[in-house]
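Below is work-v1.cif, which holds mmCIF, C-alpha atoms.
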```cif
data_input
loop_
_atom_site.label_atom_id
_atom_site.label_comp_id
_atom_site.auth_asym_id
_atom_site.auth_seq_id
_atom_site.Cartn_x
_atom_site.Cartn_y
_atom_site.Cartn_z
CA MET N 646 96.63 9.70 137.94
CA THR N 647 98.59 8.63 134.84
CA THR N 648 99.86 5.07 135.02
CA LEU N 649 101.45 4.81 131.56
CA ASN N 650 101.91 7.28 128.74
CA SER N 651 98.95 5.88 126.85
CA GLU N 652 96.83 4.84 129.82
CA LYS N 653 94.98 6.83 132.44
CA ALA N 654 92.92 5.90 135.49
CA VAL N 655 89.86 7.96 136.37
CA TYR N 656 88.62 7.66 139.95
CA LEU N 657 84.87 8.20 139.87
CA ALA N 658 84.53 8.87 143.61
CA GLU N 659 86.89 11.83 143.22
CA HIS N 660 85.81 12.87 139.75
CA ILE N 661 82.02 12.81 140.41
CA SER N 662 80.81 11.49 143.78
CA GLN N 663 80.56 8.27 145.77
CA ASN N 664 76.95 8.06 144.57
CA LEU N 665 76.47 8.12 140.82
CA ALA N 666 72.94 9.24 140.05
CA PHE N 667 72.58 11.34 136.92
CA ARG N 668 72.74 10.83 133.18
CA HIS N 669 74.40 14.23 132.87
CA SER N 670 77.21 13.00 135.09
CA ALA N 671 77.87 10.06 132.77
CA ASP N 672 77.88 12.46 129.80
CA ASP N 673 80.28 14.80 131.60
CA LEU N 674 82.53 11.87 132.46
CA PHE N 675 82.84 10.82 128.83
CA ASN N 676 83.32 14.40 127.64
CA TYR N 677 86.29 14.42 129.98
CA ILE N 678 87.50 11.00 128.83
CA ASN N 679 87.15 11.87 125.15
CA ASN N 680 89.32 14.95 125.63
CA LEU N 681 92.16 13.04 127.32
CA GLU N 682 95.33 12.38 125.38
CA GLU N 683 95.51 8.77 126.51
CA SER N 684 93.82 6.16 124.35
CA THR N 685 93.24 3.61 127.13
CA ILE N 686 91.14 4.68 130.10
CA ILE N 687 90.61 2.70 133.28
CA VAL N 688 87.49 3.83 135.11
CA ASP N 689 87.99 3.06 138.78
CA PHE N 690 84.86 2.41 140.88
CA SER N 691 86.74 2.26 144.21
CA GLU N 692 84.67 3.72 147.08
CA ILE N 693 81.56 4.05 144.92
CA LYS N 694 78.56 3.30 147.12
CA PHE N 695 75.70 3.41 144.65
CA VAL N 696 75.12 3.56 140.91
CA SER N 697 71.65 4.42 139.61
CA GLY N 698 70.08 2.71 136.62
CA SER N 699 70.05 6.01 134.76
CA PHE N 700 73.76 6.63 135.29
CA ALA N 701 74.62 3.05 134.31
CA HIS N 702 72.47 3.25 131.16
CA GLN N 703 73.99 6.54 130.04
CA TYR N 704 77.49 5.26 130.86
CA LEU N 705 76.95 2.28 128.54
CA ILE N 706 75.61 4.51 125.74
CA ASN N 707 78.68 6.72 126.00
CA LYS N 708 81.06 3.79 126.29
CA LYS N 709 79.68 2.35 123.07
CA ALA N 710 80.20 5.66 121.27
CA THR N 711 83.65 6.61 122.53
CA PRO N 712 86.71 5.95 120.37
CA LYS N 713 88.72 5.30 123.55
CA ASP N 714 89.43 1.87 124.98
CA VAL N 715 87.52 2.10 128.28
CA THR N 716 87.63 -0.62 130.93
CA GLU N 717 86.34 -0.67 134.49
CA THR N 718 87.96 -1.79 137.71
CA ASN N 719 86.92 -2.27 141.35
CA LYS N 720 83.20 -2.69 140.64
CA THR N 721 81.36 -4.23 143.59
CA PHE N 722 78.83 -7.00 143.13
CA ASN N 723 75.92 -4.52 143.32
CA ILE N 724 77.47 -2.28 140.69
CA ILE N 725 78.11 -5.23 138.39
CA GLN N 726 74.50 -6.31 138.92
CA MET N 727 73.17 -2.87 138.04
CA PHE N 728 75.21 -2.68 134.83
CA GLU N 729 74.09 -6.16 133.80
CA LEU N 730 70.42 -5.34 134.41
CA VAL N 731 70.65 -2.08 132.50
CA GLU N 732 72.48 -3.68 129.59
CA ARG N 733 69.50 -5.96 129.11
CA ARG N 734 67.25 -2.89 128.87
CA ASN N 735 68.97 -1.72 125.73
CA SER N 736 66.96 -4.14 123.63
CA LYS N 737 63.67 -2.93 125.11
CA LEU N 738 61.73 -0.07 123.52
CA ARG N 739 58.36 0.23 125.18
CA GLU N 740 55.16 0.90 123.28
CA THR N 741 51.94 2.52 124.45
CA ASN N 742 49.82 0.41 126.76
CA ASN N 743 46.29 -0.40 125.56
CA GLU N 744 45.12 -2.13 128.72
CA PRO N 745 42.12 -0.42 130.39
CA TYR N 746 42.69 1.40 133.66
CA LYS N 747 40.35 2.82 136.28
CA VAL N 748 39.95 6.62 136.49
CA LEU N 749 38.05 8.37 139.28
CA LYS N 750 37.15 12.05 139.17
CA VAL N 751 38.29 14.21 142.08
CA ILE N 752 35.55 16.78 142.49
CA GLN N 753 35.58 17.63 146.16
CA VAL N 754 37.51 16.63 149.26
CA GLY N 755 35.87 13.66 150.93
CA LYS N 756 34.09 12.43 147.82
CA THR N 757 36.90 10.45 146.31
CA GLY N 758 37.52 7.49 148.56
CA ARG N 759 41.19 7.10 149.38
CA LEU N 760 42.68 10.09 147.57
CA MET V 35 48.72 10.86 151.38
CA GLY V 36 46.21 12.07 148.80
CA ARG V 37 44.04 13.71 151.43
CA LYS V 38 46.95 15.87 152.60
CA TYR V 39 47.51 17.04 149.04
CA LEU V 40 43.83 17.96 148.73
CA GLU V 41 44.06 19.88 151.99
CA PHE V 42 46.92 21.88 150.49
CA CYS V 43 44.68 22.59 147.48
CA GLU V 44 41.96 23.92 149.76
CA LEU V 45 44.48 26.22 151.46
CA ARG V 46 45.70 27.34 148.01
CA LYS V 47 42.16 28.02 146.81
CA HIS V 48 41.46 30.12 149.91
CA ALA V 49 44.76 31.99 149.57
CA LEU V 50 44.16 32.84 145.93
CA SER V 51 40.72 34.26 146.72
CA THR V 52 41.69 36.18 149.88
CA GLY V 53 45.36 36.99 149.35
CA LYS V 54 46.20 35.21 152.63
CA MET V 55 47.62 31.74 153.16
CA ASP V 56 46.28 30.82 156.56
CA LEU V 57 48.47 28.15 158.15
CA SER V 58 47.56 29.00 161.75
CA ASN V 59 45.55 25.83 162.34
CA ILE V 60 47.87 23.39 160.62
CA ASP V 61 48.66 20.62 163.11
CA TRP V 62 51.44 18.94 161.13
CA PHE V 63 53.05 18.99 157.73
CA TYR V 64 53.74 16.02 155.52
CA PRO V 65 55.79 15.92 152.32
CA THR V 66 52.50 15.68 150.41
CA ASN V 67 51.32 19.11 151.56
CA LEU V 68 54.59 20.73 152.58
CA LEU V 69 56.31 20.37 149.22
CA PRO V 70 53.54 21.98 147.09
CA LEU V 71 53.16 24.64 149.76
CA GLY V 72 56.85 25.47 149.39
CA ILE V 73 56.45 25.89 145.62
CA PHE V 74 53.24 27.93 146.02
CA ILE V 75 54.69 30.35 148.58
CA LYS V 76 57.78 30.87 146.46
CA GLU V 77 55.73 31.57 143.33
CA GLN V 78 53.08 33.78 144.99
CA GLN V 79 55.19 36.44 146.63
CA ASP V 80 52.24 38.84 146.94
CA ILE V 81 50.24 36.47 149.15
CA SER V 82 50.73 37.07 152.86
CA VAL V 83 51.19 34.05 155.09
CA ILE V 84 49.66 33.58 158.52
CA PRO V 85 52.20 31.22 160.12
CA PRO V 86 51.35 28.10 162.12
CA ILE V 87 50.67 28.58 165.84
CA ASN V 88 52.24 25.24 166.73
CA LEU V 89 55.99 25.80 167.23
CA ASN V 90 57.07 22.52 165.65
CA VAL V 91 54.97 23.24 162.61
CA LEU V 92 56.32 26.80 162.55
CA ASN V 93 59.85 25.39 162.48
CA TYR V 94 58.96 23.37 159.40
CA TYR V 95 57.45 26.43 157.81
CA ASN V 96 60.71 28.32 158.41
CA ILE V 97 62.61 25.59 156.63
CA ILE V 98 60.58 26.35 153.54
CA THR V 99 60.51 30.10 153.60
CA LYS V 100 63.91 30.92 155.08
CA GLY V 101 65.90 28.23 153.36
CA GLU V 102 67.12 26.60 156.54
CA ALA V 103 68.44 23.25 155.37
CA ARG V 104 71.14 22.25 157.81
CA TYR V 105 71.57 18.54 158.12
CA SER V 106 71.53 16.84 161.49
CA SER V 107 71.74 13.08 161.86
CA GLY V 108 69.60 13.23 165.01
CA ARG V 109 66.57 14.56 163.21
CA SER V 110 63.75 12.36 162.07
CA TYR V 111 63.53 14.21 158.77
CA ILE V 112 65.72 15.23 155.92
CA PRO V 113 65.46 19.00 155.63
CA ILE V 114 63.99 20.14 152.39
CA VAL V 115 66.73 20.06 149.81
CA GLN V 116 66.33 22.43 146.89
CA ILE V 117 67.35 20.74 143.67
CA PRO V 118 69.54 23.21 141.78
CA PRO V 119 68.35 23.95 138.23
CA ASN V 120 71.92 24.25 136.96
CA GLU V 121 74.31 21.37 136.56
CA TYR V 122 76.83 22.33 139.22
CA GLN V 123 76.99 20.31 142.43
CA ARG V 124 74.15 18.02 141.35
CA GLU V 125 75.69 14.88 142.79
CA LYS V 126 76.97 16.62 145.94
CA MET V 127 73.52 18.08 146.55
CA LEU V 128 72.11 14.60 147.17
CA GLU V 129 74.78 13.58 149.70
CA PRO V 130 72.71 14.52 152.81
CA LEU V 131 69.93 12.27 151.55
CA TYR V 132 72.16 9.29 150.89
CA THR V 133 73.72 9.51 154.33
CA PHE V 134 70.46 9.93 156.26
CA LYS V 135 70.07 6.66 158.17
CA ASN V 136 66.56 7.39 159.40
CA ALA V 137 65.26 7.35 155.84
CA HIS V 138 66.75 4.07 154.79
CA VAL V 139 63.44 2.47 154.15
CA GLY V 140 64.02 -1.18 153.36
CA GLY V 141 67.75 -0.63 153.00
CA ARG V 142 70.10 2.04 151.79
CA ASN V 143 69.89 1.09 148.13
CA ASP V 144 66.09 1.35 148.02
CA PHE V 145 66.16 4.95 149.12
CA SER V 146 69.15 5.76 146.92
CA TYR V 147 67.45 4.26 143.89
CA PHE V 148 64.27 6.24 144.45
CA ILE V 149 65.89 9.62 144.93
CA SER V 150 68.52 9.21 142.22
CA GLU V 151 66.08 8.02 139.55
CA LEU V 152 63.42 10.59 140.34
CA VAL V 153 65.80 13.53 140.65
CA ASP V 154 67.36 12.47 137.36
CA ASN V 155 63.86 12.39 135.81
CA VAL V 156 63.35 15.96 136.99
CA TYR V 157 66.56 17.01 135.25
CA GLN V 158 65.81 15.01 132.12
CA HIS V 159 62.21 15.98 131.53
CA SER V 160 60.69 18.73 133.63
CA ARG V 161 62.37 22.05 132.70
CA PHE V 162 61.75 23.25 136.25
CA SER V 163 62.75 26.45 137.96
CA THR V 164 62.01 25.20 141.48
CA ALA V 165 62.23 21.65 142.80
CA TYR V 166 62.50 20.16 146.28
CA ILE V 167 63.02 16.77 147.86
CA MET V 168 62.48 15.76 151.48
CA SER V 169 61.84 12.80 153.76
CA GLN V 170 60.13 12.40 157.10
CA LYS V 171 60.24 9.43 159.45
CA TYR V 172 57.15 8.68 161.53
CA ALA V 173 56.52 6.05 164.21
CA ARG V 174 55.38 3.37 161.78
CA SER V 175 56.38 4.63 158.36
CA THR V 176 58.67 6.90 156.41
CA GLU V 177 57.53 9.31 153.72
CA VAL V 178 59.66 10.68 150.96
CA GLY V 179 58.58 13.24 148.41
CA ILE V 180 59.91 15.10 145.41
CA ILE V 181 58.29 18.01 143.63
CA ASP V 182 59.02 20.29 140.70
CA ASN V 183 57.18 23.13 139.02
CA GLY V 184 58.15 22.08 135.52
CA ILE V 185 56.16 21.07 132.45
CA SER V 186 54.58 18.00 134.17
CA ILE V 187 54.45 14.41 132.94
CA PRO V 188 51.50 15.09 130.56
CA GLY V 189 53.34 18.17 129.28
CA ALA V 190 56.47 16.14 128.59
CA PHE V 191 54.46 13.64 126.55
CA GLU V 192 52.77 16.49 124.64
CA ASN V 193 56.12 17.99 123.79
CA ALA V 194 57.27 14.60 122.52
CA GLY V 195 54.26 14.40 120.16
CA PHE V 196 52.00 12.07 122.14
CA GLU V 197 48.28 12.87 122.30
CA PHE V 198 47.32 11.62 125.75
CA ASP V 199 44.93 13.05 128.29
CA ASP V 200 46.59 13.64 131.67
CA THR V 201 45.62 10.36 133.33
CA LYS V 202 46.65 8.40 130.25
CA ALA V 203 50.02 10.17 130.35
CA LEU V 204 50.51 9.02 133.95
CA SER V 205 49.45 5.52 133.04
CA GLU V 206 52.00 5.40 130.22
CA ALA V 207 54.75 6.90 132.36
CA ILE V 208 54.42 4.27 135.09
CA ASN V 209 54.18 1.57 132.45
CA GLY V 210 57.63 2.61 131.27
CA LEU V 211 56.91 4.58 128.09
CA SER V 212 59.64 7.18 127.68
CA THR V 213 59.38 10.56 125.97
CA LYS V 214 62.94 9.98 124.74
CA PRO V 215 63.45 7.89 121.60
CA ASP V 216 66.34 5.73 122.91
CA ALA V 217 65.78 2.09 123.79
CA GLY V 218 66.29 1.19 127.42
CA ARG V 219 64.74 4.32 128.89
CA GLY V 220 61.57 4.82 130.91
CA PHE V 221 62.46 2.46 133.74
CA GLY V 222 63.22 4.90 136.58
CA LEU V 223 59.68 5.82 137.65
CA ARG V 224 58.27 2.40 136.79
CA THR V 225 60.86 0.54 138.84
CA SER V 226 60.71 3.01 141.76
CA ILE V 227 56.97 2.42 142.09
CA LYS V 228 57.51 -1.33 141.83
CA ILE V 229 60.12 -1.31 144.63
CA PHE V 230 58.01 0.87 146.92
CA THR V 231 54.70 -0.93 146.38
CA GLU V 232 55.64 -4.57 145.71
CA GLY V 233 58.96 -4.75 147.59
CA LEU V 234 58.32 -2.44 150.52
CA ARG V 235 54.51 -2.73 150.64
CA GLY V 236 54.15 1.03 150.57
CA GLU V 237 51.92 3.49 148.78
CA CYS V 238 52.88 5.94 146.04
CA LEU V 239 51.10 9.14 145.10
CA ILE V 240 51.67 11.09 141.88
CA ILE V 241 50.01 14.36 140.99
CA SER V 242 50.95 15.85 137.65
CA ARG V 243 48.76 18.56 136.15
CA ARG V 244 45.23 17.10 136.03
CA GLY V 245 46.37 13.50 136.49
CA GLY V 246 46.59 11.72 139.84
CA LEU V 247 47.62 8.22 140.85
CA ILE V 248 47.57 6.17 144.03
CA ALA V 249 49.55 2.95 143.64
CA THR V 250 49.77 0.06 146.06
CA LYS V 251 50.85 -3.55 145.61
CA GLU V 252 47.23 -4.53 145.05
CA GLU V 253 46.03 -1.81 142.67
CA LYS V 254 46.69 1.38 140.80
CA THR V 255 43.92 3.97 140.78
CA PHE V 256 44.07 7.01 138.52
CA TYR V 257 42.33 10.27 139.28
CA GLU V 258 41.20 13.09 137.03
CA MET V 259 41.57 16.20 139.14
CA HIS V 260 39.05 19.03 139.33
CA ASN V 261 40.43 22.48 138.44
CA TYR V 262 40.97 23.22 142.14
CA TYR V 263 43.28 20.25 142.50
CA ILE V 264 45.50 20.63 139.44
CA PHE V 265 49.22 20.88 140.12
CA ASN V 266 51.26 22.55 137.40
CA GLY V 267 54.34 20.44 137.82
CA THR V 268 54.84 17.01 139.32
CA LEU V 269 54.57 15.79 142.90
CA ILE V 270 55.67 12.24 143.71
CA CYS V 271 55.46 10.88 147.26
CA ALA V 272 55.91 7.44 148.75
CA SER V 273 54.91 6.21 152.18
CA VAL V 274 56.61 3.03 153.32
CA PRO V 275 55.91 1.05 156.48
CA HIS V 276 58.94 0.19 158.59
CA ILE V 277 59.96 -3.38 157.96
CA LYS V 278 62.74 -5.32 159.58
CA SER V 279 64.22 -7.04 156.58
CA GLU V 280 66.07 -5.31 153.78
CA VAL V 281 64.55 -5.48 150.32
CA ASN V 282 66.95 -6.27 147.50
CA ILE V 283 66.20 -3.69 144.82
CA TYR V 284 67.94 -5.76 142.17
CA ASP V 285 65.08 -8.25 142.40
CA TYR V 286 62.74 -5.54 141.12
CA ILE V 287 64.83 -3.73 138.53
CA GLU V 288 63.97 -4.75 134.98
#
```
Can you present the structure in this file as structure tokens?
Amino acid sequence: MTTLNSEKAVYLAEHISQNLAFRHSADDLFNYINNLEESTIIVDFSEIKFVSGSFAHQYLINKKATPKDVTETNKTFNIIQMFELVERRNSKLRETNNEPYKVLKVIQVGKTGRL
Amino acid sequence: MGRKYLEFCELRKHALSTGKMDLSNIDWFYPTNLLPLGIFIKEQQDISVIPPINLNVLNYYNIITKGEARYSSGRSYIPIVQIPPNEYQREKMLEPLYTFKNAHVGGRNDFSYFISELVDNVYQHSRFSTAYIMSQKYARSTEVGIIDNGISIPGAFENAGFEFDDTKALSEAINGLSTKPDAGRGFGLRTSIKIFTEGLRGECLIISRRGGLIATKEEKTFYEMHNYYIFNGTLICASVPHIKSEVNIYDYIE
């Protein structure tokens, strides 16, 4: 729905799904946004039930890269929480773990304890 | 859960040596043995299958082999959902899982987080041709499982230039090391295990190539699998006891 000549609202529940799970979906969304004529995009989270960490992370990566002015509306508390948590991840790049860990060999059924 | 996977491996070993997959004496299927069985039967078209005698078990078997996947809210399980390799209808494909009340272990968001993050991992890393997801509710617990026949977690690390043995690869994956170079990645599997073990007091099983893991709140034990028990792909299952209170996933997401 176009609200002004230079502004467009994108309803995620209609455009993708009420549950936003995949990184590819965030990429597809911004491919769509980047090809719109309008320079200001309002991403509407009405009726969205769940946003995964992966979708939120990829959304933020794309939002940072897009030349469009993208804002969000109708985010529930849980969605806001997820975006805030994921935003904090962006400063974290994990390194290999050098802590020792226990390895048991599975040779035959019944000889491995719980597995 | 691990024992059921090993039982599948014994059936597989017998089938590969005799050309017959004998399911006649199977008394029940669980995600841990049903999911790899589905992959195996699909990949080994020349092996004949002796179906289960038990009618309920036979019904499950038909879900695998005949693609019956109709959703019914009255059922205590989510029918096996095949994860499509292509990009179309990805989000819609998960709808029956999100709306399945019987599987809302610890609350709707817990289940949604698990399936969305792990299915996304499959798309991001595994290069699969066949993948399934399913859930089963029991009297005291609910199990959910996801499987793919892709390059496996150790294979993904190899392709990214890491030199890990298979158990080390699992250890790094659940610690949050990503095969992708971007900051802020690698949290999906790590956080899912944290929610299921620490939040919901459940147990997680991962089998990926020669690496195995059983994780609980108290400990994580890694297993190096004998040749008979290798799975060329990745199987991830979680078993969660039914609890009355809802667990807030946002307390566990880093």
Residue nearest Asn719 of chain N among N:Phe675, N:Phe667, N:Tyr656, N:Tyr746 (counting all atoms listed in the file) = N:Tyr656
Separation of atom CA of Ala666 of chain N and atom CA of Val696 of chain N, in Å?
->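 Separation of atom CA of Ala666 of chain N and atom CA of Val696 of chain N: 6.1 Å.
Take atom CA of Gln703 of chain N and atom CA of Val156 of chain V: the distance between them is 15.8 Å.
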Excluding segment 169-186 of chain V and residues on its chain fewer than 6 positions from it, collect all residues at most 6 Å away from it, counting all atoms listed in the file, and give them as a list of chain:residue names.
->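 Everything that qualifies: V:Pro65, V:Ser110, V:Tyr111, V:Ile112, V:Ser160, V:Arg161, V:Phe162, V:Ser242, V:Gly267, V:Thr268, V:Leu269, V:Ile270, V:Cys271, V:Ala272, V:Ser273, V:Val274, V:Pro275, V:His276.
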Starting from the shown file, work through the PyMOL selection byres ((chain V and resi 75) around 12) and note down what comes out as a PyMOL selection string.
-> chain V and resi 42+45-46+49-50+53-57+68-74+76-85+95-96+98-100+164
Generate the output file for the selected residues, C-alpha atoms, as an mmCIF file, in the coordinates of the input.
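Saved file part33.cif follows:
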```
data_model
loop_
_atom_site.group_PDB
_atom_site.id
_atom_site.type_symbol
_atom_site.label_atom_id
_atom_site.label_comp_id
_atom_site.auth_asym_id
_atom_site.auth_seq_id
_atom_site.Cartn_x
_atom_site.Cartn_y
_atom_site.Cartn_z
ATOM 1 C CA PHE V 42 46.920 21.880 150.490
ATOM 2 C CA LEU V 45 44.480 26.220 151.460
ATOM 3 C CA ARG V 46 45.700 27.340 148.010
ATOM 4 C CA ALA V 49 44.760 31.990 149.570
ATOM 5 C CA LEU V 50 44.160 32.840 145.930
ATOM 6 C CA GLY V 53 45.360 36.990 149.350
ATOM 7 C CA LYS V 54 46.200 35.210 152.630
ATOM 8 C CA MET V 55 47.620 31.740 153.160
ATOM 9 C CA ASP V 56 46.280 30.820 156.560
ATOM 10 C CA LEU V 57 48.470 28.150 158.150
ATOM 11 C CA LEU V 68 54.590 20.730 152.580
ATOM 12 C CA LEU V 69 56.310 20.370 149.220
ATOM 13 C CA PRO V 70 53.540 21.980 147.090
ATOM 14 C CA LEU V 71 53.160 24.640 149.760
ATOM 15 C CA GLY V 72 56.850 25.470 149.390
ATOM 16 C CA ILE V 73 56.450 25.890 145.620
ATOM 17 C CA PHE V 74 53.240 27.930 146.020
ATOM 18 C CA LYS V 76 57.780 30.870 146.460
ATOM 19 C CA GLU V 77 55.730 31.570 143.330
ATOM 20 C CA GLN V 78 53.080 33.780 144.990
ATOM 21 C CA GLN V 79 55.190 36.440 146.630
ATOM 22 C CA ASP V 80 52.240 38.840 146.940
ATOM 23 C CA ILE V 81 50.240 36.470 149.150
ATOM 24 C CA SER V 82 50.730 37.070 152.860
ATOM 25 C CA VAL V 83 51.190 34.050 155.090
ATOM 26 C CA ILE V 84 49.660 33.580 158.520
ATOM 27 C CA PRO V 85 52.200 31.220 160.120
ATOM 28 C CA TYR V 95 57.450 26.430 157.810
ATOM 29 C CA ASN V 96 60.710 28.320 158.410
ATOM 30 C CA ILE V 98 60.580 26.350 153.540
ATOM 31 C CA THR V 99 60.510 30.100 153.600
ATOM 32 C CA LYS V 100 63.910 30.920 155.080
ATOM 33 C CA THR V 164 62.010 25.200 141.480
#
```
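Using only C-alpha atoms, the smallest distance between any of N:Ser691, N:Asn743, N:Asn723, N:Asn664 and Ile149 of chain V comes from N:Asn664.
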Mind listing as a PyMOL selection string all residues within 7 Å of (56.4, -2.1, 134.5), counting all atoms listed in the file?
-> chain V and resi 208-210+224-225
Please produce a file of those selected residues containing C-alpha atoms, as a CSV table (one decimal), in the coordinates of the input.
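Output contents, as saved in again_15.csv:
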```
chain,number,residue,atom,x,y,z
V,208,ILE,CA,54.4,4.3,135.1
V,209,ASN,CA,54.2,1.6,132.4
V,210,GLY,CA,57.6,2.6,131.3
V,224,ARG,CA,58.3,2.4,136.8
V,225,THR,CA,60.9,0.5,138.8
```
How many Å lie between atom CA of Ala207 of chain V and atom CA of Lys694 of chain N, rounded to one decimal?
->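 Going from atom CA of Ala207 of chain V over to atom CA of Lys694 of chain N covers 28.2 Å.
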Exactly which residues make up the result of the PyMOL selection byres ((chain V and resi 62) around 12) on this file, given as a list in words?
->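 Listing what the PyMOL selection byres ((chain V and resi 62) around 12) selects in the shown file: Lys38, Glu41, Phe42, Leu57, Ser58, Asn59, Ile60, Asp61, Phe63, Tyr64, Pro65, Thr66, Asn67, Leu68, Pro86, Ile87, Asn88, Leu89, Asn90, Val91, Leu92, Asn93, Tyr94, Tyr95, Gln170 and Tyr172 of chain V.
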For chain V against chain N, which residues fall within 7 Å using only C-alpha atoms, given as a VMD selection string?
-> chain V and resid 36 to 37 40 125 to 126 147 150 to 151 154 206 210 to 211 217 to 218 255 to 260 288
Apply the PyMOL selection byres ((chain V and resi 199) around 12) to the displayed file and report the matching residues as a VMD selection string.
-> (chain N and resid 748) or (chain V and resid 187 to 192 196 to 198 200 to 206 242 to 246 256 to 259)
For Ala654 of chain N, which of N:Asn707, N:Val715, N:Glu692, N:Ala671 is the closest residue, counting all atoms listed in the file?
->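 For Ala654 of chain N, the nearest of the candidates is N:Val715.
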Please work out which residues fall within 7 Å of (52.0, 8.3, 145.8), coordinates as given in the file, with all atoms listed in the file counting, and return them as a PyMOL selection string.
-> chain V and resi 35+237-240+247-249+270-272
